Amino acid sequence: MADKVLVSVAPVSAADKQIDPVKIAADVTACAKAGAAMVHLHVRNRDGGLTPDLSVLKETVELIRGQSDIIIQASTGGVSDLTIQERCAPLYYDKVEACSLNVGSTNLGNAVYCNPIPEVKYCVEEIIKTGKTPEIEVFEIGHIHMVQELRREFPMKPPILFSVVLGHPGEAPATPEALAAMVNFIPKDTIWGITHAYRKDFGIIAGALGLGARTVRIGFEDSSYLNPAVQAETNLPLVEKTVQLLRAMDKEPMTPDEARKMLNMD
């Protein structure tokens, strides 16, 4: 039986200033049919700004859920002026099953993405209270170590899921050496996957899969490139290429229910 990998699609670029729930839902539904088991969404207003107002998110999710059983993951992050309480707003929406969790501050190009430890702990507490499944985005080795500290303090439900994020200016580069260093530091009793920001090819994703990644995040939030010369017009070709890569490596994409089982979702 082929190894199974969770393909997650993050369909909306942070630079997008026109958020159209109908367009996003159609794109996500097509991606789900092609093999994506999870969708990663930020809480945005119609102009693309991050907001605690769930109106546009709910409209988008209702449209997606009407056509697909893809896992709905909401972000609790992003560079903004929102308070941690406002960033946690999607945790209380019943159709959100999973969420991102950031456990330390990060340089993202010229921006500083602030995640002070007291705010990290607040977010962890709210995730546990609401029963969501966190995907912990780690941009450097210190973030992985912080998760071990959090596990000692909080009853974090297994399995712990990491996403190794490479390629942001100011953080771990998208190189085989950085990938290997990050993966070697990840605890053996956890699950991990790969997110490659500013990606122009699929080399790092292939390398991560070869090292045992169980999840791959793809989509316009990170990059629209199919190859160094071609950018996709929708997220569907990115998911299709990811699935082709999996099959070339004798792997298969997980269904949403298989992903829920792997992540111990209730």
# chains A, B, ... in the order shown; residues from 1 in each chain; ligands from 1
$ select_by_dssp --residues "segment 33-157 of chain A" --states "alpha helix (DSSP H)" --output "PyMOL selection string"
chain A and resi 33-34+55-65+84-87+117-130+141-153
$ write_last_selection --atoms "C-alpha atoms" --output "PDB file, in the first residue's frame"
ATOM      1  CA  LYS A  33     -11.288  16.808  -6.096  1.00  0.00           C
ATOM      2  CA  ALA A  34      -7.660  16.749  -7.236  1.00  0.00           C
ATOM      3  CA  SER A  55     -18.362  37.215   7.986  1.00  0.00           C
ATOM      4  CA  VAL A  56     -16.298  36.626   4.832  1.00  0.00           C
ATOM      5  CA  LEU A  57     -14.678  33.494   6.254  1.00  0.00           C
ATOM      6  CA  LYS A  58     -18.074  32.027   7.110  1.00  0.00           C
ATOM      7  CA  GLU A  59     -19.446  32.808   3.673  1.00  0.00           C
ATOM      8  CA  THR A  60     -16.430  31.109   2.095  1.00  0.00           C
ATOM      9  CA  VAL A  61     -16.558  28.080   4.368  1.00  0.00           C
ATOM     10  CA  GLU A  62     -20.297  27.556   3.860  1.00  0.00           C
ATOM     11  CA  LEU A  63     -19.749  27.496   0.096  1.00  0.00           C
ATOM     12  CA  ILE A  64     -16.836  25.063   0.423  1.00  0.00           C
ATOM     13  CA  ARG A  65     -18.665  22.815   2.851  1.00  0.00           C
ATOM     14  CA  ILE A  84      -4.175  37.723  20.301  1.00  0.00           C
ATOM     15  CA  GLN A  85      -7.833  37.586  21.376  1.00  0.00           C
ATOM     16  CA  GLU A  86      -8.875  38.869  17.940  1.00  0.00           C
ATOM     17  CA  ARG A  87      -6.530  36.446  16.202  1.00  0.00           C
ATOM     18  CA  ILE A 117       5.286  33.787  24.856  1.00  0.00           C
ATOM     19  CA  PRO A 118       2.315  34.889  27.029  1.00  0.00           C
ATOM     20  CA  GLU A 119       0.258  35.300  23.847  1.00  0.00           C
ATOM     21  CA  VAL A 120       1.425  31.914  22.570  1.00  0.00           C
ATOM     22  CA  LYS A 121       0.235  30.316  25.802  1.00  0.00           C
ATOM     23  CA  TYR A 122      -3.125  32.093  25.572  1.00  0.00           C
ATOM     24  CA  CYS A 123      -3.582  30.733  22.052  1.00  0.00           C
ATOM     25  CA  VAL A 124      -2.663  27.209  23.170  1.00  0.00           C
ATOM     26  CA  GLU A 125      -5.197  27.403  25.996  1.00  0.00           C
ATOM     27  CA  GLU A 126      -7.964  28.525  23.624  1.00  0.00           C
ATOM     28  CA  ILE A 127      -7.103  25.804  21.110  1.00  0.00           C
ATOM     29  CA  ILE A 128      -7.389  23.194  23.861  1.00  0.00           C
ATOM     30  CA  LYS A 129     -10.674  24.681  25.156  1.00  0.00           C
ATOM     31  CA  THR A 130     -12.258  24.689  21.695  1.00  0.00           C
ATOM     32  CA  ILE A 141      14.846  25.484  15.560  1.00  0.00           C
ATOM     33  CA  GLY A 142      13.967  27.601  18.597  1.00  0.00           C
ATOM     34  CA  HIS A 143      10.296  27.267  17.728  1.00  0.00           C
ATOM     35  CA  ILE A 144      10.568  23.473  17.782  1.00  0.00           C
ATOM     36  CA  HIS A 145      12.199  23.640  21.205  1.00  0.00           C
ATOM     37  CA  MET A 146       9.406  25.924  22.434  1.00  0.00           C
ATOM     38  CA  VAL A 147       6.842  23.270  21.549  1.00  0.00           C
ATOM     39  CA  GLN A 148       8.612  20.820  23.854  1.00  0.00           C
ATOM     40  CA  GLU A 149       8.330  23.390  26.640  1.00  0.00           C
ATOM     41  CA  LEU A 150       4.614  23.862  25.893  1.00  0.00           C
ATOM     42  CA  ARG A 151       3.996  20.114  25.926  1.00  0.00           C
ATOM     43  CA  ARG A 152       5.287  19.967  29.485  1.00  0.00           C
ATOM     44  CA  GLU A 153       2.894  22.723  30.571  1.00  0.00           C
TER      45      GLU A 153
END
$ residues_around --residues "segment 4-10 of chain A" --least-positions-apart "2" --cutoff "7 Å" --atoms "only C-alpha atoms" --output "list in words"
Ala2, Val12, Gly35, Ala36, Ala37, Met38, Val39, His40, Leu41, Arg214, Thr215, Val216, Arg217, Ile218, Gly219, Phe220, Glu221, Lys251, Glu252, Pro253, Met254 and Ala259 of chain A
$ atom_distance --atom1 "atom CA of Asp53 of chain A" --atom2 "atom CA of Asn264 of chain A"
29.0 Å
$ select_by_dssp --residues "segment 202-262 of chain A" --states "strand (DSSP E or B)" --output "list in words"
Thr215, Val216, Arg217, Ile218, Tyr225, Leu226, Asn227, Val230, Gln231, Lys251, Glu252 and Pro253 of chain A
$ write_last_selection --atoms "C-alpha atoms" --output "PDB file, in the first residue's frame"
ATOM      1  CA  THR A 215       1.962  16.955   4.934  1.00  0.00           C
ATOM      2  CA  VAL A 216       2.637  19.366   2.075  1.00  0.00           C
ATOM      3  CA  ARG A 217       1.190  22.869   1.973  1.00  0.00           C
ATOM      4  CA  ILE A 218       0.821  24.366  -1.475  1.00  0.00           C
ATOM      5  CA  TYR A 225       4.891  29.145  -9.357  1.00  0.00           C
ATOM      6  CA  LEU A 226       4.474  25.847 -11.209  1.00  0.00           C
ATOM      7  CA  ASN A 227       8.117  26.071 -12.321  1.00  0.00           C
ATOM      8  CA  VAL A 230       5.314  29.611 -15.219  1.00  0.00           C
ATOM      9  CA  GLN A 231       2.839  30.888 -12.606  1.00  0.00           C
ATOM     10  CA  LYS A 251       2.895   7.887  -2.471  1.00  0.00           C
ATOM     11  CA  GLU A 252      -0.775   8.908  -2.582  1.00  0.00           C
ATOM     12  CA  PRO A 253      -2.730  11.933  -1.310  1.00  0.00           C
TER      13      PRO A 253
END
$ closest_residue --among "A:Ala248, A:Leu108, A:Val243, A:Ile204" --to "His168 of chain A" --atoms "only C-alpha atoms"
A:Leu108
$ decode --residues "segment 120-237 of chain A" --atoms "C-alpha atoms" --output "mmCIF file, in the first residue's frame"
data_model
loop_
_atom_site.group_PDB
_atom_site.id
_atom_site.type_symbol
_atom_site.label_atom_id
_atom_site.label_comp_id
_atom_site.auth_asym_id
_atom_site.auth_seq_id
_atom_site.Cartn_x
_atom_site.Cartn_y
_atom_site.Cartn_z
ATOM 1 C CA VAL A 120 1.425 31.914 22.570
ATOM 2 C CA LYS A 121 0.235 30.316 25.802
ATOM 3 C CA TYR A 122 -3.125 32.093 25.572
ATOM 4 C CA CYS A 123 -3.582 30.733 22.052
ATOM 5 C CA VAL A 124 -2.663 27.209 23.170
ATOM 6 C CA GLU A 125 -5.197 27.403 25.996
ATOM 7 C CA GLU A 126 -7.964 28.525 23.624
ATOM 8 C CA ILE A 127 -7.103 25.804 21.110
ATOM 9 C CA ILE A 128 -7.389 23.194 23.861
ATOM 10 C CA LYS A 129 -10.674 24.681 25.156
ATOM 11 C CA THR A 130 -12.258 24.689 21.695
ATOM 12 C CA GLY A 131 -10.951 21.260 20.705
ATOM 13 C CA LYS A 132 -9.282 22.407 17.501
ATOM 14 C CA THR A 133 -6.333 20.549 15.976
ATOM 15 C CA PRO A 134 -3.263 22.794 15.729
ATOM 16 C CA GLU A 135 -0.643 22.761 13.000
ATOM 17 C CA ILE A 136 2.431 24.352 14.526
ATOM 18 C CA GLU A 137 4.325 26.518 12.052
ATOM 19 C CA VAL A 138 8.028 26.493 12.898
ATOM 20 C CA PHE A 139 10.368 28.933 11.154
ATOM 21 C CA GLU A 140 13.525 28.019 13.067
ATOM 22 C CA ILE A 141 14.846 25.484 15.560
ATOM 23 C CA GLY A 142 13.967 27.601 18.597
ATOM 24 C CA HIS A 143 10.296 27.267 17.728
ATOM 25 C CA ILE A 144 10.568 23.473 17.782
ATOM 26 C CA HIS A 145 12.199 23.640 21.205
ATOM 27 C CA MET A 146 9.406 25.924 22.434
ATOM 28 C CA VAL A 147 6.842 23.270 21.549
ATOM 29 C CA GLN A 148 8.612 20.820 23.854
ATOM 30 C CA GLU A 149 8.330 23.390 26.640
ATOM 31 C CA LEU A 150 4.614 23.862 25.893
ATOM 32 C CA ARG A 151 3.996 20.114 25.926
ATOM 33 C CA ARG A 152 5.287 19.967 29.485
ATOM 34 C CA GLU A 153 2.894 22.723 30.571
ATOM 35 C CA PHE A 154 -0.257 22.006 28.551
ATOM 36 C CA PRO A 155 -2.225 18.827 27.722
ATOM 37 C CA MET A 156 -1.646 19.079 23.977
ATOM 38 C CA LYS A 157 -3.476 16.238 22.236
ATOM 39 C CA PRO A 158 -1.286 13.889 20.198
ATOM 40 C CA PRO A 159 -0.132 13.681 17.547
ATOM 41 C CA ILE A 160 1.681 17.010 17.501
ATOM 42 C CA LEU A 161 1.776 18.331 13.923
ATOM 43 C CA PHE A 162 4.621 20.600 12.796
ATOM 44 C CA SER A 163 4.881 22.508 9.545
ATOM 45 C CA VAL A 164 8.501 23.299 8.724
ATOM 46 C CA VAL A 165 8.366 26.709 7.033
ATOM 47 C CA LEU A 166 11.355 27.591 4.866
ATOM 48 C CA GLY A 167 12.149 30.437 2.514
ATOM 49 C CA HIS A 168 11.016 33.627 4.253
ATOM 50 C CA PRO A 169 13.678 36.377 4.147
ATOM 51 C CA GLY A 170 15.086 36.644 7.660
ATOM 52 C CA GLU A 171 14.287 33.062 8.663
ATOM 53 C CA ALA A 172 15.483 29.556 7.780
ATOM 54 C CA PRO A 173 16.350 29.402 4.066
ATOM 55 C CA ALA A 174 14.838 26.929 1.634
ATOM 56 C CA THR A 175 17.959 24.794 1.322
ATOM 57 C CA PRO A 176 18.553 21.059 1.811
ATOM 58 C CA GLU A 177 20.864 21.854 4.715
ATOM 59 C CA ALA A 178 18.263 23.941 6.552
ATOM 60 C CA LEU A 179 15.584 21.338 5.883
ATOM 61 C CA ALA A 180 17.768 18.565 7.281
ATOM 62 C CA ALA A 181 18.668 20.598 10.373
ATOM 63 C CA MET A 182 15.026 21.374 11.124
ATOM 64 C CA VAL A 183 13.848 17.813 10.555
ATOM 65 C CA ASN A 184 16.620 16.374 12.723
ATOM 66 C CA PHE A 185 15.420 18.546 15.614
ATOM 67 C CA ILE A 186 11.764 17.487 15.388
ATOM 68 C CA PRO A 187 10.752 15.012 18.137
ATOM 69 C CA LYS A 188 10.341 11.470 16.861
ATOM 70 C CA ASP A 189 6.871 11.057 18.403
ATOM 71 C CA THR A 190 5.387 13.827 16.237
ATOM 72 C CA ILE A 191 4.265 14.375 12.629
ATOM 73 C CA TRP A 192 5.755 17.008 10.363
ATOM 74 C CA GLY A 193 5.219 18.545 6.962
ATOM 75 C CA ILE A 194 6.663 21.195 4.663
ATOM 76 C CA THR A 195 5.718 24.735 3.644
ATOM 77 C CA HIS A 196 8.047 26.445 1.154
ATOM 78 C CA ALA A 197 7.505 30.201 0.968
ATOM 79 C CA TYR A 198 8.502 32.037 -2.243
ATOM 80 C CA ARG A 199 8.850 28.646 -3.935
ATOM 81 C CA LYS A 200 9.730 28.568 -7.640
ATOM 82 C CA ASP A 201 10.294 24.826 -8.015
ATOM 83 C CA PHE A 202 9.345 21.651 -6.185
ATOM 84 C CA GLY A 203 12.838 20.535 -5.150
ATOM 85 C CA ILE A 204 12.518 21.269 -1.425
ATOM 86 C CA ILE A 205 9.060 19.698 -1.336
ATOM 87 C CA ALA A 206 10.456 16.566 -2.970
ATOM 88 C CA GLY A 207 13.342 16.554 -0.509
ATOM 89 C CA ALA A 208 10.962 16.857 2.436
ATOM 90 C CA LEU A 209 8.845 13.998 1.125
ATOM 91 C CA GLY A 210 11.990 11.902 0.813
ATOM 92 C CA LEU A 211 12.777 12.642 4.472
ATOM 93 C CA GLY A 212 9.308 11.558 5.598
ATOM 94 C CA ALA A 213 7.047 14.629 5.452
ATOM 95 C CA ARG A 214 3.435 13.641 6.064
ATOM 96 C CA THR A 215 1.962 16.955 4.934
ATOM 97 C CA VAL A 216 2.637 19.366 2.075
ATOM 98 C CA ARG A 217 1.190 22.869 1.973
ATOM 99 C CA ILE A 218 0.821 24.366 -1.475
ATOM 100 C CA GLY A 219 -1.017 27.415 -2.766
ATOM 101 C CA PHE A 220 -0.999 31.103 -3.572
ATOM 102 C CA GLU A 221 -0.346 32.137 0.047
ATOM 103 C CA ASP A 222 3.168 30.751 -0.371
ATOM 104 C CA SER A 223 3.760 30.832 -4.141
ATOM 105 C CA SER A 224 1.917 30.612 -7.453
ATOM 106 C CA TYR A 225 4.891 29.145 -9.357
ATOM 107 C CA LEU A 226 4.474 25.847 -11.209
ATOM 108 C CA ASN A 227 8.117 26.071 -12.321
ATOM 109 C CA PRO A 228 10.625 28.939 -12.546
ATOM 110 C CA ALA A 229 9.031 30.220 -15.758
ATOM 111 C CA VAL A 230 5.314 29.611 -15.219
ATOM 112 C CA GLN A 231 2.839 30.888 -12.606
ATOM 113 C CA ALA A 232 -0.523 29.210 -12.145
ATOM 114 C CA GLU A 233 -3.768 31.129 -12.587
ATOM 115 C CA THR A 234 -5.596 29.044 -9.984
ATOM 116 C CA ASN A 235 -4.458 26.763 -7.191
ATOM 117 C CA LEU A 236 -5.617 23.627 -9.005
ATOM 118 C CA PRO A 237 -2.453 23.105 -11.123
#
